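J.: Structure incoming, see below.
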Amino acid sequence: MSRLKVAVAMSGGVDSSVAAALMIDEGHEVTGVTMRLWCENGSFESDAEDAAKQIAADLGIRHVVCDLGDEFRQCVVEQFVAEYARGRT
């Protein structure tokens with residue numbers, strides 16, 4: 001099997017952590033990716049992000065955070081609110 005570059009979406013939970021560990025065990029180059037989706041009171045909830053960062057460090061892999069808050073708000077939240085206001089949820 002050839003070595004692959006793999007991105008694993010990491011939430012800080014068991015499932016994504018095990019997925020990353022399995023990919024490492026198979027010899028792949030793994031990067032953990034955490035998505036920032038929601039901001040409340042001017043700051044992001046960081047418990048999941050902190051957990052994912054720590055797990056990535058424990059696994060010895062790179063970890064990156066993708067700030068997708070604006071896209072999430074526009075494409076998901078605003079559309080949901082508009083559809084909810086129309087009674088179509």
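Ordered as shown in the structure tokens, chains take letters A, B, and onward, while each chain numbers its residues from 1 and ligands are numbered from 1 in the order shown.
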Give me the residues near stretch 55-57 of chain A as a PyMOL selection string, where near means some atom within 12 Å (using only C-alpha atoms) and where sequence neighbours in that chain fewer than 4 positions away do not count.

T.: chain A and resi 7-21+24+30-34+48-51+61-65

J.: Report the residues of stretch 4-53 of chain A whose backbone DSSP state falls under strand (DSSP E), written as an NGL selection string.

T.: :A and (5-9 or 29-36 or 39-40 or 43-44)

J.: Would you return as a PyMOL selection string the members of stretch 6-86 of chain A that DSSP assigns to alpha helix (DSSP H) on this structure's backbone?

T.: chain A and resi 14-25+47-59+69-72+78-85

J.: Those residues you just picked out, can you put them in a file as an mmCIF file, in the first residue's frame with N, CA and C atoms?

T.:
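What follows is the written file out-v9.cif:
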data_model
loop_
_atom_site.group_PDB
_atom_site.id
_atom_site.type_symbol
_atom_site.label_atom_id
_atom_site.label_comp_id
_atom_site.auth_asym_id
_atom_site.auth_seq_id
_atom_site.Cartn_x
_atom_site.Cartn_y
_atom_site.Cartn_z
ATOM 1 N N VAL A 14 -13.620 10.641 20.517
ATOM 2 C CA VAL A 14 -13.004 9.333 20.346
ATOM 3 C C VAL A 14 -12.976 8.894 18.887
ATOM 4 N N ASP A 15 -14.084 9.025 18.168
ATOM 5 C CA ASP A 15 -14.163 8.501 16.802
ATOM 6 C C ASP A 15 -13.102 9.104 15.891
ATOM 7 N N SER A 16 -13.000 10.433 15.879
ATOM 8 C CA SER A 16 -12.025 11.071 14.990
ATOM 9 C C SER A 16 -10.597 10.798 15.446
ATOM 10 N N SER A 17 -10.391 10.679 16.746
ATOM 11 C CA SER A 17 -9.052 10.386 17.265
ATOM 12 C C SER A 17 -8.605 8.987 16.858
ATOM 13 N N VAL A 18 -9.508 8.027 16.952
ATOM 14 C CA VAL A 18 -9.188 6.656 16.546
ATOM 15 C C VAL A 18 -8.956 6.593 15.042
ATOM 16 N N ALA A 19 -9.761 7.320 14.265
ATOM 17 C CA ALA A 19 -9.562 7.346 12.812
ATOM 18 C C ALA A 19 -8.163 7.853 12.478
ATOM 19 N N ALA A 20 -7.733 8.914 13.151
ATOM 20 C CA ALA A 20 -6.388 9.449 12.914
ATOM 21 C C ALA A 20 -5.331 8.419 13.308
ATOM 22 N N ALA A 21 -5.509 7.788 14.465
ATOM 23 C CA ALA A 21 -4.536 6.797 14.938
ATOM 24 C C ALA A 21 -4.438 5.608 13.974
ATOM 25 N N LEU A 22 -5.575 5.163 13.452
ATOM 26 C CA LEU A 22 -5.562 4.050 12.502
ATOM 27 C C LEU A 22 -4.827 4.416 11.217
ATOM 28 N N MET A 23 -5.031 5.637 10.752
ATOM 29 C CA MET A 23 -4.326 6.083 9.546
ATOM 30 C C MET A 23 -2.821 6.150 9.787
ATOM 31 N N ILE A 24 -2.424 6.606 10.964
ATOM 32 C CA ILE A 24 -1.001 6.650 11.319
ATOM 33 C C ILE A 24 -0.443 5.230 11.356
ATOM 34 N N ASP A 25 -1.184 4.323 12.002
ATOM 35 C CA ASP A 25 -0.739 2.928 12.098
ATOM 36 C C ASP A 25 -0.564 2.290 10.726
ATOM 37 N N ASP A 47 -13.320 24.262 23.642
ATOM 38 C CA ASP A 47 -13.063 22.980 24.292
ATOM 39 C C ASP A 47 -12.756 21.887 23.274
ATOM 40 N N ALA A 48 -13.573 21.771 22.245
ATOM 41 C CA ALA A 48 -13.348 20.740 21.230
ATOM 42 C C ALA A 48 -12.057 21.023 20.472
ATOM 43 N N GLU A 49 -11.842 22.276 20.133
ATOM 44 C CA GLU A 49 -10.610 22.650 19.417
ATOM 45 C C GLU A 49 -9.376 22.344 20.257
ATOM 46 N N ASP A 50 -9.434 22.678 21.543
ATOM 47 C CA ASP A 50 -8.305 22.399 22.433
ATOM 48 C C ASP A 50 -8.074 20.897 22.561
ATOM 49 N N ALA A 51 -9.156 20.131 22.673
ATOM 50 C CA ALA A 51 -9.025 18.675 22.786
ATOM 51 C C ALA A 51 -8.414 18.091 21.524
ATOM 52 N N ALA A 52 -8.884 18.532 20.363
ATOM 53 C CA ALA A 52 -8.346 18.029 19.093
ATOM 54 C C ALA A 52 -6.868 18.383 18.962
ATOM 55 N N LYS A 53 -6.515 19.600 19.356
ATOM 56 C CA LYS A 53 -5.113 20.028 19.285
ATOM 57 C C LYS A 53 -4.237 19.160 20.184
ATOM 58 N N GLN A 54 -4.721 18.860 21.378
ATOM 59 C CA GLN A 54 -3.945 18.031 22.310
ATOM 60 C C GLN A 54 -3.818 16.600 21.803
ATOM 61 N N ILE A 55 -4.897 16.053 21.270
ATOM 62 C CA ILE A 55 -4.850 14.691 20.738
ATOM 63 C C ILE A 55 -3.891 14.613 19.558
ATOM 64 N N ALA A 56 -3.942 15.607 18.675
ATOM 65 C CA ALA A 56 -3.008 15.637 17.543
ATOM 66 C C ALA A 56 -1.571 15.676 18.044
ATOM 67 N N ALA A 57 -1.316 16.471 19.056
ATOM 68 C CA ALA A 57 0.040 16.534 19.625
ATOM 69 C C ALA A 57 0.443 15.177 20.204
ATOM 70 N N ASP A 58 -0.485 14.538 20.911
ATOM 71 C CA ASP A 58 -0.204 13.220 21.481
ATOM 72 C C ASP A 58 0.097 12.193 20.394
ATOM 73 N N LEU A 59 -0.574 12.322 19.249
ATOM 74 C CA LEU A 59 -0.361 11.401 18.134
ATOM 75 C C LEU A 59 0.862 11.780 17.298
ATOM 76 N N GLY A 69 -16.541 30.041 10.072
ATOM 77 C CA GLY A 69 -17.678 30.666 10.730
ATOM 78 C C GLY A 69 -18.548 31.498 9.808
ATOM 79 N N ASP A 70 -17.937 32.321 8.961
ATOM 80 C CA ASP A 70 -18.720 33.160 8.045
ATOM 81 C C ASP A 70 -19.503 32.311 7.052
ATOM 82 N N GLU A 71 -18.838 31.307 6.490
ATOM 83 C CA GLU A 71 -19.505 30.435 5.520
ATOM 84 C C GLU A 71 -20.637 29.657 6.170
ATOM 85 N N PHE A 72 -20.408 29.162 7.390
ATOM 86 C CA PHE A 72 -21.433 28.404 8.104
ATOM 87 C C PHE A 72 -22.650 29.291 8.377
ATOM 88 N N GLU A 78 -28.230 31.249 8.201
ATOM 89 C CA GLU A 78 -29.153 32.211 7.587
ATOM 90 C C GLU A 78 -30.215 31.516 6.742
ATOM 91 N N GLN A 79 -29.828 30.465 6.041
ATOM 92 C CA GLN A 79 -30.814 29.724 5.242
ATOM 93 C C GLN A 79 -31.829 29.040 6.151
ATOM 94 N N PHE A 80 -31.374 28.459 7.247
ATOM 95 C CA PHE A 80 -32.291 27.832 8.192
ATOM 96 C C PHE A 80 -33.277 28.851 8.754
ATOM 97 N N VAL A 81 -32.765 29.995 9.179
ATOM 98 C CA VAL A 81 -33.628 31.029 9.764
ATOM 99 C C VAL A 81 -34.675 31.493 8.744
ATOM 100 N N ALA A 82 -34.259 31.710 7.513
ATOM 101 C CA ALA A 82 -35.190 32.145 6.472
ATOM 102 C C ALA A 82 -36.259 31.087 6.215
ATOM 103 N N GLU A 83 -35.860 29.838 6.131
ATOM 104 C CA GLU A 83 -36.817 28.757 5.885
ATOM 105 C C GLU A 83 -37.732 28.556 7.094
ATOM 106 N N TYR A 84 -37.199 28.717 8.279
ATOM 107 C CA TYR A 84 -37.998 28.587 9.495
ATOM 108 C C TYR A 84 -39.072 29.673 9.528
ATOM 109 N N ALA A 85 -38.677 30.899 9.152
ATOM 110 C CA ALA A 85 -39.628 32.013 9.118
ATOM 111 C C ALA A 85 -40.758 31.754 8.109
#

J.: For a test of reading the model, state the distance in Å between atom CA of A:Arg73 and atom CA of A:Thr89, rounded to one decimal.

T.: 17.0 Å

J.: At what distance in Å, to one decimal, does atom CA of A:Cys66 lie from atom CA of A:Glu29?

T.: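 Taking atom CA of A:Glu29 as the start and atom CA of A:Cys66 as the end point, the length is 18.9 Å.
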
J.: Which value, in Å to one decimal, gives the distance between atom CA of A:Gln74 and atom CA of A:Arg86?

T.: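 If I compute the distance from atom CA of A:Gln74 to atom CA of A:Arg86, I get 17.3 Å.
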